[in-house]
There are 2 protein chains.
Amino acid sequence: MSDTANNPNRKSWIPVEKDSDFPIQNIPFGVFLTRDDVITIGTRIGNTAIDLGALHQLGYFNDIPLTDDIFLQDTLNDFISDGKKTWRLVRNRIAKIFDEKNESLKNNKEHRKIVLFTLDEIEMQLPVQIGDYTDFYSSKEHATNVGTMFRDPDNALLPNWLHIPVGYHGRSSTIVPSEIPIRRPMGQTMPAGASEPVFGSSKLVDFELEMAFITTDANLMGEPIPIEEAEEYIFGLVLFNDWSARDIQKWEYVPLGPFLAKNFASSISPWIVTLDALEPFRVESPKQDPEPLPYLKYEGKKSFDIHLEVDLAPENGTPQTITKSNFKYMYWNMAQQLAHHTINGCKVNSGDMMGSGTISGPTPDSYGSMLELTWRGEKPLKMNDGSERKFINDGDTVSMRGYCENDQVRIGFGEVSNKLLPPFNPKKNKK
Amino acid sequence: MSDTANNPNRKSWIPVEKDSDFPIQNIPFGVFLTRDDVITIGTRIGNTAIDLGALHQLGYFNDIPLTDDIFLQDTLNDFISDGKKTWRLVRNRIAKIFDEKNESLKNNKEHRKIVLFTLDEIEMQLPVQIGDYTDFYSSKEHATNVGTMFRDPDNALLPNWLHIPVGYHGRSSTIVPSEIPIRRPMGQTMPAGASEPVFGSSKLVDFELEMAFITTDANLMGEPIPIEEAEEYIFGLVLFNDWSARDIQKWEYVPLGPFLAKNFASSISPWIVTLDALEPFRVESPKQDPEPLPYLKYEGKKSFDIHLEVDLAPENGTPQTITKSNFKYMYWNMAQQLAHHTINGCKVNSGDMMGSGTISGPTPDSYGSMLELTWRGEKPLKMNDGSERKFINDGDTVSMRGYCENDQVRIGFGEVSNKLLPPFNPKKNKK
């Protein structure tokens with residue numbers, strides 16, 4: 001353990017602030033544009049971004065079987081394809097290079113100049129090319145809240161929910177990283193009491209607090225991934241905001257599920273935190289009753305204790321925390337989701353992304369969407385500036401943060417933060 | 001017109017059999033592996049495959065603005081990104097090169113040897129890297145049949161159906177070309193009368209007769225595509241078999257739509273027939289009542305008269321045509337589908353694929369799935385070998401064909417033909 005990247009006693013020669021999400025024990029992976037307008041794969045320690053492409057060219061990854069250009073790419077897909085053994089070798093090597101006792105890079109001013117960037121010198125990109133994106137619906141609290149509001153409080157969960165990690169396919173093309181503004185969508189809705197649908201901008205734009213995991217190539221088409229192997233194919237996790245338009249969703253979703261209500265935008269935190277970095281934070285999942293079918297049965301701790309928070313900031317206003325939840329509340333864990341997803345032989349590729357579904361906790365202050373927090377708008381949130389929110393207003397910025405913490409180390413995800421813009425106006429917006 | 005690829009009087013110096021799907025007026029695009037194990041982009045006239053990469057290197061596309069390697073790729077995505085103007089220049093040039101009056105390639109034996117292949121020398125590949133795949137549900141007859149069987153014959157169509165081209169996201173990673181065998185999926189189902197779900201192989205594997213269109217880069221995220229521009233972004237069409245497991249679907253699909261019931265496999269015909277080649281076959285769509293909202297209103301003929309047929313062949317048996325339908329039956333046309341898909345600003349990329357949904361005609365012999373043809377298995381199909389079919393058996397091959405025809409020309413799609421294999425068996429199938 002002491003030789004691996006997770007060694008909690010290791011310190012870096014790069015300064016790391018107290019409560020930083022990115023101590024030397026994290027070593028997440030991301031893609032960024034440098035001050036020289038070059039796209040590279042990198043990692044981060046404290047507030048320093050590290051160019052792995054440059055490090056590799058300078059020979060710091062010698063003896064690790066990597067192609068010369070593995071980090072000189074605009075996505076992590078090929079590196080992720082190399083598999084868990086390679087991820088570990090690279091992460092452990094990075095830990096050594098930046099260990100305060102290692103003077104090779106620390107004392108090489110010329111190399112440091114090429115390899116290290118301050119955060120304001122870089123621009124984070126989407127870390128992977130997402131081939132397919134799947135969204136699950138795995139929080140029992142969330143499914144119960146939604147079922148209570150829209151169906152029957154006495155039978156809030158549909159009959160399949162306790163047997164299946166229910167999921168559906170989403171749209172890859174509109175997943176964007178933190179900081180990219182989101183446009184309020186236009187669309188078709190059926191107002192309450194109306195007999196004909198109307199066209200206009202969504203009046204009920206919402207966030208959904210989720211996390212998503214990113215996979216490597218996992219199976220041949222036609223072959224399932226056994227649940228005991230599933231975690232071998234998970235590279236890491238990001239924070240995920242599944243932007244939703246509730247009024248569009250309500251009118252369109254029967255019988256084939258949400259479509260335009262979701263595919264206008266989803267946003268993610270740009271640093272992928274590896275499953276390895278999260279190892280110290282494994283916890284039991286909620287007890288499952290009824291027992292799942294054998295292909296979904298697992299042993300050991302498959303959940304992770306990840307604190308989650310959402311801030312809402314009105315335009316020119318100060319951010320205000322509106323909910324606190326935790327990834328560990330998920331009823332179905334990632335191993336179960338991946339085993340279920342592939343039980344029919346569905347092929348999973350490097351860079352695929354799988355969202356958890358909205359992560360709501362057991363109490364009203366831990367719900368993962370405005371829909372639940374304001375109970376369909378019946379209980380508006382009071383903002384510090386005196387305004388109220390039933391859903392998200394134009395100009396509001398939604399920011400999600402996530403971190404794990406024990407008495408030795410804190411591993412965080414940074415944030416996904418996006419502003420909601422007014423709807424597209426062909427006269428004003430089109431060049 | 002006489003100068004374009006659609007000139008019905010043009011003949012090629014490549015022999016073309018009567019009733020061929022691929023006269024010189026077609027000029028579809030595909031990707032194939034050659035006898036030298038090289039992947040290239042190509043077209044087809046009669047039973048001759050044409051290597052466009054080689055043609056380009058030999059200078060036959062001079063004066064058309066194309067990058068040197070545009071056809072030396074394993075997908076058509078970059079070529080499709082070049083846009084409709086370029087597609088037309090290339091297609092018209094190909095028509096000229098192979099016109100019986102043009103002797104340049106015809107009389108150059110050395111060039112012909114490099115450029116031309118017999119069909120048994122090549123292996124067709126997936127023609128595009130499919131970023132996102134969407135499936136619509138746009139046949140009124142199909143939606144009515146399904147609604148009648150599973151919900152209420154008096155209210156077979158759900159309230160949104162006549163207002164929205166209902167669609168949902170599918171899985172790109174398991175779309176395969178013709179000839180690739182499909183495995184019967186394993187999964188979870190709730191048998192009639194049971195109180196607990198069971199695990200096993202699907203007992204109700206079905207085909208769905210569809211077509212799919214392939215797009216080019218169409219819009220910026222956040223901006224809709226107006227319906228009058230939509231067809232500019234459609235490169236062409238293929239036949240599409242949306243393999244389905246009805247028992248898995250029934251248990252899993254509420255409330256987020258079909259998932260594992262569909263994502264084990266979809267298959268396509270490998271030659272993309274351009275929208276330009278289909279121009280002579282434009283027809284009126286069914287009248288829409290109620291009138292759609294303005295963003296879905298269109299002018300002119302937006303449907304195409306494409307005859308569709310499905311054959312079923314038992315293992316070692318002879319193929320038997322089990323249904324005949326037509327693409328023109330679709331209630332919602334492609335322009336409406338694409339305008340709806342992007343009205344919320346959803347970004348569409350080059351190589352995205354959009355399925356029509358099952359294309360059922362008005363009469364029981366024109367239904368587009370076994371579910372409808374056998375009415376949930378109540379009226380089994382009688383096969384020539386004396387056997388019966390309620391759904392698809394292991395060893396059966398399902399083949400779909402499509403073609404347009406007038407008194408001057410026939411433009412066809414070839415076929416998508418795939419055999420259903422028994423379910424995956426970890427002991428037998430795993431190496």
# chains A, B, ... in the order shown; residues from 1 in each chain; ligands from 1

$ interface_residues --of "chain A" --to "chain B" --cutoff "8 Å" --atoms "only C-alpha atoms" --output "PyMOL selection string"
chain A and resi 131-132+158+160+163-164+166-174+182-183+185-187+197-199+221-223+251-260+263-265+293+341+343-349+424

$ residues_around --residues "stretch 268-274 of chain B" --least-positions-apart "4" --cutoff "8 Å" --atoms "only C-alpha atoms" --output "VMD selection string"
chain B and resid 26 to 31 43 124 to 127 175 to 178 235 to 241 278 412 to 417

$ residues_around --residues "stretch 5-9 of chain A" --least-positions-apart "4" --cutoff "12 Å" --atoms "only C-alpha atoms" --output "short mmCIF file (atom, residue, chain, number, x, y, z; two decimals) with all heavy atoms, in the first residue's frame"
data_model
loop_
_atom_site.label_atom_id
_atom_site.label_comp_id
_atom_site.auth_asym_id
_atom_site.auth_seq_id
_atom_site.Cartn_x
_atom_site.Cartn_y
_atom_site.Cartn_z
N MET A 1 0.83 -1.21 0.00
CA MET A 1 0.00 0.00 0.00
C MET A 1 0.87 1.26 0.00
O MET A 1 0.61 2.21 -0.73
CB MET A 1 -0.93 -0.02 1.23
CG MET A 1 -1.87 1.19 1.32
SD MET A 1 -3.15 1.16 0.02
CE MET A 1 -4.18 2.53 0.55
N PRO A 23 -5.45 16.31 -3.56
CA PRO A 23 -4.15 16.00 -2.97
C PRO A 23 -3.43 14.98 -3.86
O PRO A 23 -4.02 14.48 -4.82
CB PRO A 23 -4.54 15.37 -1.62
CG PRO A 23 -5.84 14.70 -1.91
CD PRO A 23 -6.56 15.63 -2.88
N ILE A 24 -2.22 14.65 -3.52
CA ILE A 24 -1.45 13.70 -4.35
C ILE A 24 -2.07 12.30 -4.31
O ILE A 24 -1.75 11.44 -5.14
CB ILE A 24 0.04 13.69 -3.93
CG1 ILE A 24 0.88 12.94 -4.99
CG2 ILE A 24 0.22 13.12 -2.52
CD1 ILE A 24 2.37 13.09 -4.82
N GLN A 25 -2.98 12.05 -3.40
CA GLN A 25 -3.68 10.75 -3.35
C GLN A 25 -4.82 10.67 -4.39
O GLN A 25 -5.42 9.61 -4.57
CB GLN A 25 -4.25 10.48 -1.95
CG GLN A 25 -3.19 10.16 -0.90
CD GLN A 25 -2.45 11.39 -0.41
OE1 GLN A 25 -2.88 12.53 -0.62
NE2 GLN A 25 -1.30 11.18 0.22
N ASN A 26 -5.19 11.77 -5.02
CA ASN A 26 -6.30 11.73 -5.97
C ASN A 26 -5.81 11.32 -7.37
O ASN A 26 -6.08 10.24 -7.84
CB ASN A 26 -7.03 13.09 -6.00
CG ASN A 26 -8.34 13.04 -6.78
OD1 ASN A 26 -8.53 12.15 -7.60
ND2 ASN A 26 -9.23 13.98 -6.54
N ILE A 27 -5.05 12.19 -7.99
CA ILE A 27 -4.51 11.95 -9.35
C ILE A 27 -5.64 11.60 -10.32
O ILE A 27 -5.73 10.47 -10.84
CB ILE A 27 -3.41 10.88 -9.35
CG1 ILE A 27 -2.37 11.21 -8.26
CG2 ILE A 27 -2.75 10.77 -10.73
CD1 ILE A 27 -1.22 10.21 -8.17
N PRO A 28 -6.52 12.54 -10.60
CA PRO A 28 -7.59 12.33 -11.57
C PRO A 28 -7.04 12.49 -12.99
O PRO A 28 -5.90 12.93 -13.17
CB PRO A 28 -8.55 13.46 -11.25
CG PRO A 28 -7.65 14.59 -10.86
CD PRO A 28 -6.51 13.93 -10.10
N TRP A 87 -3.61 1.82 -16.08
CA TRP A 87 -4.04 3.00 -15.29
C TRP A 87 -3.29 3.05 -13.97
O TRP A 87 -2.87 4.11 -13.51
CB TRP A 87 -5.55 2.98 -14.99
CG TRP A 87 -6.45 2.62 -16.12
CD1 TRP A 87 -6.20 2.80 -17.46
CD2 TRP A 87 -7.76 2.02 -16.03
NE1 TRP A 87 -7.28 2.35 -18.18
CE2 TRP A 87 -8.24 1.87 -17.34
CE3 TRP A 87 -8.56 1.61 -14.97
CZ2 TRP A 87 -9.49 1.30 -17.62
CZ3 TRP A 87 -9.80 1.06 -15.23
CH2 TRP A 87 -10.26 0.91 -16.55
N ARG A 88 -3.16 1.87 -13.34
CA ARG A 88 -2.52 1.81 -12.02
C ARG A 88 -1.04 2.14 -12.10
O ARG A 88 -0.50 2.88 -11.27
CB ARG A 88 -2.69 0.41 -11.42
CG ARG A 88 -4.07 0.24 -10.85
CD ARG A 88 -4.25 -1.10 -10.16
NE ARG A 88 -5.59 -1.12 -9.59
CZ ARG A 88 -6.28 -2.22 -9.32
NH1 ARG A 88 -5.74 -3.42 -9.55
NH2 ARG A 88 -7.48 -2.14 -8.81
N LEU A 89 -0.37 1.57 -13.12
CA LEU A 89 1.06 1.86 -13.28
C LEU A 89 1.28 3.36 -13.44
O LEU A 89 2.18 3.95 -12.83
CB LEU A 89 1.61 1.11 -14.50
CG LEU A 89 1.76 -0.41 -14.35
CD1 LEU A 89 2.10 -1.06 -15.70
CD2 LEU A 89 2.84 -0.76 -13.32
N VAL A 90 0.45 3.99 -14.27
CA VAL A 90 0.61 5.43 -14.53
C VAL A 90 0.30 6.24 -13.28
O VAL A 90 1.05 7.15 -12.92
CB VAL A 90 -0.28 5.86 -15.71
CG1 VAL A 90 -0.37 7.38 -15.81
CG2 VAL A 90 0.25 5.27 -17.02
N ARG A 91 -0.78 5.88 -12.59
CA ARG A 91 -1.16 6.66 -11.40
C ARG A 91 -0.10 6.52 -10.31
O ARG A 91 0.27 7.50 -9.66
CB ARG A 91 -2.55 6.20 -10.93
CG ARG A 91 -3.22 7.18 -9.98
CD ARG A 91 -4.71 6.93 -9.83
NE ARG A 91 -5.12 7.41 -8.52
CZ ARG A 91 -5.11 6.68 -7.41
NH1 ARG A 91 -4.77 5.40 -7.47
NH2 ARG A 91 -5.44 7.22 -6.27
N ASN A 92 0.41 5.30 -10.13
CA ASN A 92 1.46 5.10 -9.12
C ASN A 92 2.74 5.86 -9.49
O ASN A 92 3.41 6.44 -8.63
CB ASN A 92 1.75 3.61 -8.94
CG ASN A 92 0.61 2.89 -8.24
OD1 ASN A 92 -0.22 3.51 -7.57
ND2 ASN A 92 0.56 1.57 -8.39
N ARG A 93 3.04 5.88 -10.80
CA ARG A 93 4.24 6.61 -11.23
C ARG A 93 4.09 8.11 -10.98
O ARG A 93 5.02 8.78 -10.52
CB ARG A 93 4.50 6.33 -12.72
CG ARG A 93 5.70 7.08 -13.32
CD ARG A 93 7.05 6.62 -12.76
NE ARG A 93 7.27 5.20 -12.98
CZ ARG A 93 7.78 4.65 -14.10
NH1 ARG A 93 8.15 5.43 -15.10
NH2 ARG A 93 7.94 3.35 -14.21
N ILE A 94 2.90 8.64 -11.28
CA ILE A 94 2.66 10.07 -11.05
C ILE A 94 2.85 10.40 -9.57
O ILE A 94 3.47 11.40 -9.21
CB ILE A 94 1.25 10.48 -11.54
CG1 ILE A 94 1.16 10.35 -13.07
CG2 ILE A 94 0.91 11.91 -11.12
CD1 ILE A 94 -0.25 10.48 -13.64
N ALA A 95 2.34 9.51 -8.71
CA ALA A 95 2.49 9.73 -7.26
C ALA A 95 3.98 9.82 -6.90
O ALA A 95 4.39 10.67 -6.09
CB ALA A 95 1.82 8.61 -6.49
N LYS A 96 4.78 8.96 -7.52
CA LYS A 96 6.22 8.97 -7.22
C LYS A 96 6.90 10.23 -7.74
O LYS A 96 7.75 10.82 -7.08
CB LYS A 96 6.89 7.75 -7.83
CG LYS A 96 6.77 6.51 -6.96
CD LYS A 96 7.64 5.39 -7.51
CE LYS A 96 7.23 4.09 -6.85
NZ LYS A 96 7.61 2.93 -7.66
N ILE A 97 6.56 10.63 -8.96
CA ILE A 97 7.21 11.80 -9.57
C ILE A 97 6.99 13.05 -8.71
O ILE A 97 7.89 13.88 -8.57
CB ILE A 97 6.66 12.04 -10.99
CG1 ILE A 97 6.99 10.86 -11.92
CG2 ILE A 97 7.21 13.34 -11.59
CD1 ILE A 97 6.24 10.88 -13.25
N PHE A 98 5.80 13.12 -8.13
CA PHE A 98 5.46 14.35 -7.39
C PHE A 98 5.59 14.19 -5.87
O PHE A 98 5.21 15.08 -5.12
CB PHE A 98 4.06 14.84 -7.80
CG PHE A 98 4.03 15.30 -9.23
CD1 PHE A 98 3.65 14.43 -10.25
CD2 PHE A 98 4.43 16.59 -9.56
CE1 PHE A 98 3.67 14.85 -11.58
CE2 PHE A 98 4.45 17.01 -10.89
CZ PHE A 98 4.07 16.14 -11.90
N ASP A 99 6.13 13.05 -5.45
CA ASP A 99 6.39 12.82 -4.02
C ASP A 99 7.46 13.82 -3.57
O ASP A 99 8.46 14.02 -4.26
CB ASP A 99 6.88 11.36 -3.85
CG ASP A 99 7.04 10.98 -2.39
OD1 ASP A 99 7.67 11.75 -1.63
OD2 ASP A 99 6.52 9.92 -2.00
N GLU A 100 7.25 14.40 -2.37
CA GLU A 100 8.19 15.45 -1.92
C GLU A 100 9.63 14.93 -1.80
O GLU A 100 10.57 15.70 -1.83
CB GLU A 100 7.72 16.06 -0.60
CG GLU A 100 7.64 15.07 0.54
CD GLU A 100 7.22 15.73 1.86
OE1 GLU A 100 7.07 16.98 1.90
OE2 GLU A 100 7.05 14.99 2.85
N THR A 274 -10.46 8.28 -10.45
CA THR A 274 -10.44 6.84 -10.71
C THR A 274 -11.12 6.07 -9.57
O THR A 274 -11.14 6.51 -8.42
CB THR A 274 -9.00 6.32 -10.84
OG1 THR A 274 -8.33 6.50 -9.59
CG2 THR A 274 -8.26 7.03 -11.96
N LEU A 275 -11.61 4.90 -9.93
CA LEU A 275 -12.20 4.03 -8.91
C LEU A 275 -11.13 3.67 -7.87
O LEU A 275 -11.43 3.57 -6.68
CB LEU A 275 -12.74 2.76 -9.60
CG LEU A 275 -13.94 2.10 -8.94
CD1 LEU A 275 -15.11 3.05 -8.84
CD2 LEU A 275 -14.36 0.85 -9.72
N ASP A 276 -9.88 3.53 -8.33
CA ASP A 276 -8.79 3.24 -7.39
C ASP A 276 -8.65 4.31 -6.32
O ASP A 276 -8.43 4.00 -5.14
CB ASP A 276 -7.46 3.12 -8.16
CG ASP A 276 -7.25 1.73 -8.75
OD1 ASP A 276 -8.06 0.84 -8.44
OD2 ASP A 276 -6.29 1.55 -9.53
N ALA A 277 -8.78 5.58 -6.72
CA ALA A 277 -8.62 6.67 -5.74
C ALA A 277 -9.73 6.65 -4.71
O ALA A 277 -9.57 7.16 -3.60
CB ALA A 277 -8.59 8.01 -6.47
N LEU A 278 -10.86 6.04 -5.07
CA LEU A 278 -12.02 6.02 -4.17
C LEU A 278 -12.02 4.81 -3.24
O LEU A 278 -12.87 4.71 -2.35
CB LEU A 278 -13.31 6.06 -4.99
CG LEU A 278 -13.50 7.29 -5.88
CD1 LEU A 278 -14.70 7.13 -6.79
CD2 LEU A 278 -13.64 8.56 -5.03
N GLU A 279 -11.06 3.90 -3.43
CA GLU A 279 -11.01 2.66 -2.63
C GLU A 279 -11.21 2.86 -1.13
O GLU A 279 -11.96 2.11 -0.50
CB GLU A 279 -9.68 1.93 -2.87
CG GLU A 279 -9.67 0.97 -4.04
CD GLU A 279 -10.76 -0.09 -3.97
OE1 GLU A 279 -10.99 -0.66 -2.88
OE2 GLU A 279 -11.40 -0.34 -5.00
N PRO A 280 -10.53 3.87 -0.52
CA PRO A 280 -10.67 4.00 0.95
C PRO A 280 -12.09 4.35 1.39
O PRO A 280 -12.36 4.34 2.59
CB PRO A 280 -9.71 5.16 1.29
CG PRO A 280 -8.82 5.31 0.11
CD PRO A 280 -9.59 4.85 -1.07
N PHE A 281 -12.96 4.64 0.45
CA PHE A 281 -14.28 5.16 0.83
C PHE A 281 -15.42 4.20 0.48
O PHE A 281 -16.58 4.59 0.39
CB PHE A 281 -14.48 6.54 0.19
CG PHE A 281 -13.40 7.50 0.60
CD1 PHE A 281 -12.31 7.72 -0.24
CD2 PHE A 281 -13.44 8.11 1.83
CE1 PHE A 281 -11.28 8.56 0.16
CE2 PHE A 281 -12.42 8.96 2.24
CZ PHE A 281 -11.34 9.18 1.40
N GLU A 405 -14.10 11.95 2.35
CA GLU A 405 -13.20 12.43 3.39
C GLU A 405 -13.12 11.42 4.53
O GLU A 405 -14.14 10.87 4.95
CB GLU A 405 -13.75 13.76 3.94
CG GLU A 405 -12.71 14.65 4.54
CD GLU A 405 -13.25 16.08 4.72
OE1 GLU A 405 -14.47 16.24 4.98
OE2 GLU A 405 -12.45 17.01 4.60
N ASN A 406 -11.91 11.14 4.99
CA ASN A 406 -11.74 10.42 6.25
C ASN A 406 -10.69 11.19 7.07
O ASN A 406 -10.31 12.30 6.69
CB ASN A 406 -11.36 8.94 6.02
CG ASN A 406 -10.08 8.78 5.23
OD1 ASN A 406 -9.22 9.67 5.24
ND2 ASN A 406 -9.93 7.66 4.55
N ASP A 407 -10.23 10.63 8.16
CA ASP A 407 -9.33 11.45 8.98
C ASP A 407 -7.94 11.58 8.38
O ASP A 407 -7.09 12.30 8.89
CB ASP A 407 -9.28 10.93 10.44
CG ASP A 407 -9.06 9.43 10.48
OD1 ASP A 407 -8.68 8.84 9.43
OD2 ASP A 407 -9.28 8.83 11.55
N GLN A 408 -7.69 10.88 7.28
CA GLN A 408 -6.36 10.96 6.67
C GLN A 408 -6.32 11.74 5.36
O GLN A 408 -5.32 12.37 5.04
CB GLN A 408 -5.84 9.54 6.41
CG GLN A 408 -5.53 8.78 7.69
CD GLN A 408 -4.85 7.48 7.39
OE1 GLN A 408 -5.42 6.63 6.72
NE2 GLN A 408 -3.63 7.32 7.86
N VAL A 409 -7.41 11.65 4.60
CA VAL A 409 -7.32 12.20 3.25
C VAL A 409 -8.70 12.64 2.76
O VAL A 409 -9.73 12.14 3.23
CB VAL A 409 -6.70 11.14 2.29
CG1 VAL A 409 -7.64 9.96 2.08
CG2 VAL A 409 -6.26 11.73 0.97
N ARG A 410 -8.68 13.60 1.85
CA ARG A 410 -9.91 14.05 1.20
C ARG A 410 -9.70 13.93 -0.31
O ARG A 410 -8.72 14.45 -0.86
CB ARG A 410 -10.18 15.51 1.56
CG ARG A 410 -11.31 16.16 0.76
CD ARG A 410 -11.40 17.66 1.10
NE ARG A 410 -12.21 18.35 0.13
CZ ARG A 410 -13.39 18.95 0.42
NH1 ARG A 410 -13.85 18.95 1.65
NH2 ARG A 410 -14.07 19.56 -0.53
N ILE A 411 -10.61 13.21 -0.97
CA ILE A 411 -10.54 13.03 -2.43
C ILE A 411 -11.79 13.69 -3.01
O ILE A 411 -12.91 13.30 -2.66
CB ILE A 411 -10.54 11.54 -2.81
CG1 ILE A 411 -9.37 10.78 -2.17
CG2 ILE A 411 -10.55 11.36 -4.33
CD1 ILE A 411 -8.02 11.10 -2.73
#

$ residues_around --residues "A:Pro362" --least-positions-apart "4" --cutoff "12 Å" --atoms "only C-alpha atoms" --output "ChimeraX atom specification"
/A:139-145,286,323-326,328-331,366-368,372-373

$ residues_around --residues "stretch 388-401 of chain A" --least-positions-apart "5" --cutoff "7 Å" --atoms "only C-alpha atoms" --output "short mmCIF file (atom, residue, chain, number, x, y, z; two decimals) with N, CA, C and O atoms, in the first residue's frame"
data_model
loop_
_atom_site.label_atom_id
_atom_site.label_comp_id
_atom_site.auth_asym_id
_atom_site.auth_seq_id
_atom_site.Cartn_x
_atom_site.Cartn_y
_atom_site.Cartn_z
N LEU A 204 -40.21 24.87 -16.91
CA LEU A 204 -39.83 24.08 -15.73
C LEU A 204 -38.47 23.40 -15.93
O LEU A 204 -38.35 22.18 -15.96
N VAL A 205 -37.43 24.22 -16.09
CA VAL A 205 -36.08 23.66 -16.25
C VAL A 205 -35.52 23.29 -14.88
O VAL A 205 -35.60 24.06 -13.94
N ASP A 206 -34.94 22.10 -14.81
CA ASP A 206 -34.50 21.53 -13.54
C ASP A 206 -33.07 20.99 -13.70
O ASP A 206 -32.60 20.75 -14.81
N LEU A 308 -22.22 14.94 -1.58
CA LEU A 308 -22.62 15.71 -2.76
C LEU A 308 -23.37 16.97 -2.31
O LEU A 308 -24.17 16.91 -1.38
N GLU A 309 -23.12 18.05 -3.01
CA GLU A 309 -23.79 19.31 -2.68
C GLU A 309 -24.13 20.05 -3.96
O GLU A 309 -23.39 19.98 -4.95
N VAL A 310 -25.24 20.77 -3.92
CA VAL A 310 -25.62 21.60 -5.07
C VAL A 310 -25.79 23.04 -4.60
O VAL A 310 -26.48 23.30 -3.61
N ASP A 311 -25.15 23.95 -5.34
CA ASP A 311 -25.35 25.39 -5.10
C ASP A 311 -26.16 25.99 -6.23
O ASP A 311 -26.00 25.60 -7.40
N LEU A 312 -27.00 26.94 -5.89
CA LEU A 312 -27.71 27.73 -6.90
C LEU A 312 -27.30 29.18 -6.70
O LEU A 312 -27.35 29.69 -5.57
N ALA A 313 -26.88 29.84 -7.78
CA ALA A 313 -26.51 31.27 -7.69
C ALA A 313 -27.34 32.05 -8.69
O ALA A 313 -27.24 31.82 -9.89
N PRO A 314 -28.17 32.98 -8.20
CA PRO A 314 -28.89 33.86 -9.14
C PRO A 314 -27.87 34.70 -9.92
O PRO A 314 -26.73 34.86 -9.47
N GLU A 315 -28.28 35.22 -11.07
CA GLU A 315 -27.38 36.06 -11.87
C GLU A 315 -26.86 37.20 -10.99
O GLU A 315 -27.64 37.90 -10.33
N MET A 370 -34.88 20.09 -8.25
CA MET A 370 -35.84 21.12 -7.82
C MET A 370 -37.24 20.51 -7.72
O MET A 370 -38.02 20.88 -6.84
N THR A 374 -38.76 21.36 -4.17
CA THR A 374 -39.91 22.29 -4.05
C THR A 374 -41.23 21.53 -4.18
O THR A 374 -42.29 22.14 -4.23
N GLY A 377 -42.97 22.50 -7.14
CA GLY A 377 -43.18 23.95 -7.07
C GLY A 377 -44.10 24.38 -5.95
O GLY A 377 -44.33 25.57 -5.74
N PRO A 380 -41.70 26.60 -2.75
CA PRO A 380 -40.55 27.26 -3.39
C PRO A 380 -39.38 27.40 -2.42
O PRO A 380 -39.59 27.52 -1.21
N LEU A 381 -38.17 27.39 -2.98
CA LEU A 381 -36.98 27.63 -2.16
C LEU A 381 -36.80 29.13 -1.98
O LEU A 381 -36.98 29.90 -2.93
N LYS A 382 -36.47 29.52 -0.78
CA LYS A 382 -36.19 30.95 -0.55
C LYS A 382 -34.71 31.21 -0.75
O LYS A 382 -33.86 30.57 -0.16
N MET A 383 -34.42 32.19 -1.61
CA MET A 383 -33.03 32.52 -1.88
C MET A 383 -32.60 33.67 -0.97
O MET A 383 -33.42 34.46 -0.49
N PHE A 413 -13.98 15.86 -6.39
CA PHE A 413 -14.27 15.86 -7.82
C PHE A 413 -14.23 17.26 -8.43
O PHE A 413 -14.48 17.41 -9.62
N GLY A 414 -13.91 18.28 -7.62
CA GLY A 414 -14.04 19.63 -8.16
C GLY A 414 -15.51 19.93 -8.33
O GLY A 414 -16.32 19.57 -7.47
N GLU A 415 -15.87 20.57 -9.43
CA GLU A 415 -17.29 20.86 -9.58
C GLU A 415 -17.73 20.83 -11.02
O GLU A 415 -16.92 20.86 -11.95
N VAL A 416 -19.04 20.72 -11.20
CA VAL A 416 -19.66 20.97 -12.50
C VAL A 416 -20.59 22.15 -12.28
O VAL A 416 -21.50 22.11 -11.44
N SER A 417 -20.32 23.23 -13.02
CA SER A 417 -21.01 24.50 -12.79
C SER A 417 -21.41 25.08 -14.13
O SER A 417 -20.55 25.30 -14.99
N ASN A 418 -22.70 25.28 -14.34
CA ASN A 418 -23.17 25.79 -15.64
C ASN A 418 -24.29 26.80 -15.43
O ASN A 418 -25.14 26.63 -14.56
N LYS A 419 -24.26 27.81 -16.27
CA LYS A 419 -25.27 28.87 -16.20
C LYS A 419 -26.38 28.56 -17.20
O LYS A 419 -26.11 28.08 -18.30
N LEU A 420 -27.61 28.86 -16.82
CA LEU A 420 -28.74 28.68 -17.74
C LEU A 420 -28.99 29.98 -18.50
O LEU A 420 -29.25 31.03 -17.89
N LEU A 421 -28.90 29.90 -19.83
CA LEU A 421 -29.15 31.07 -20.69
C LEU A 421 -30.62 31.10 -21.12
O LEU A 421 -31.29 30.07 -21.12
N PRO A 422 -31.11 32.27 -21.53
CA PRO A 422 -32.47 32.35 -22.07
C PRO A 422 -32.58 31.49 -23.33
O PRO A 422 -31.56 31.14 -23.93
#

$ select_by_dssp --residues "stretch 58-267 of chain A" --states "strand (DSSP E)" --output "ChimeraX atom specification"
/A:116-118,123-124,133-136,167-170,175-177,182-183,186-189,198-201,205-206,209-215,234-241,244-245,266-267

$ residues_around --residues "B:Phe71" --least-positions-apart "3" --cutoff "12 Å" --atoms "only C-alpha atoms" --output "ChimeraX atom specification"
/B:29-32,38-43,50-57,61,66-68,74-80,82,90,127
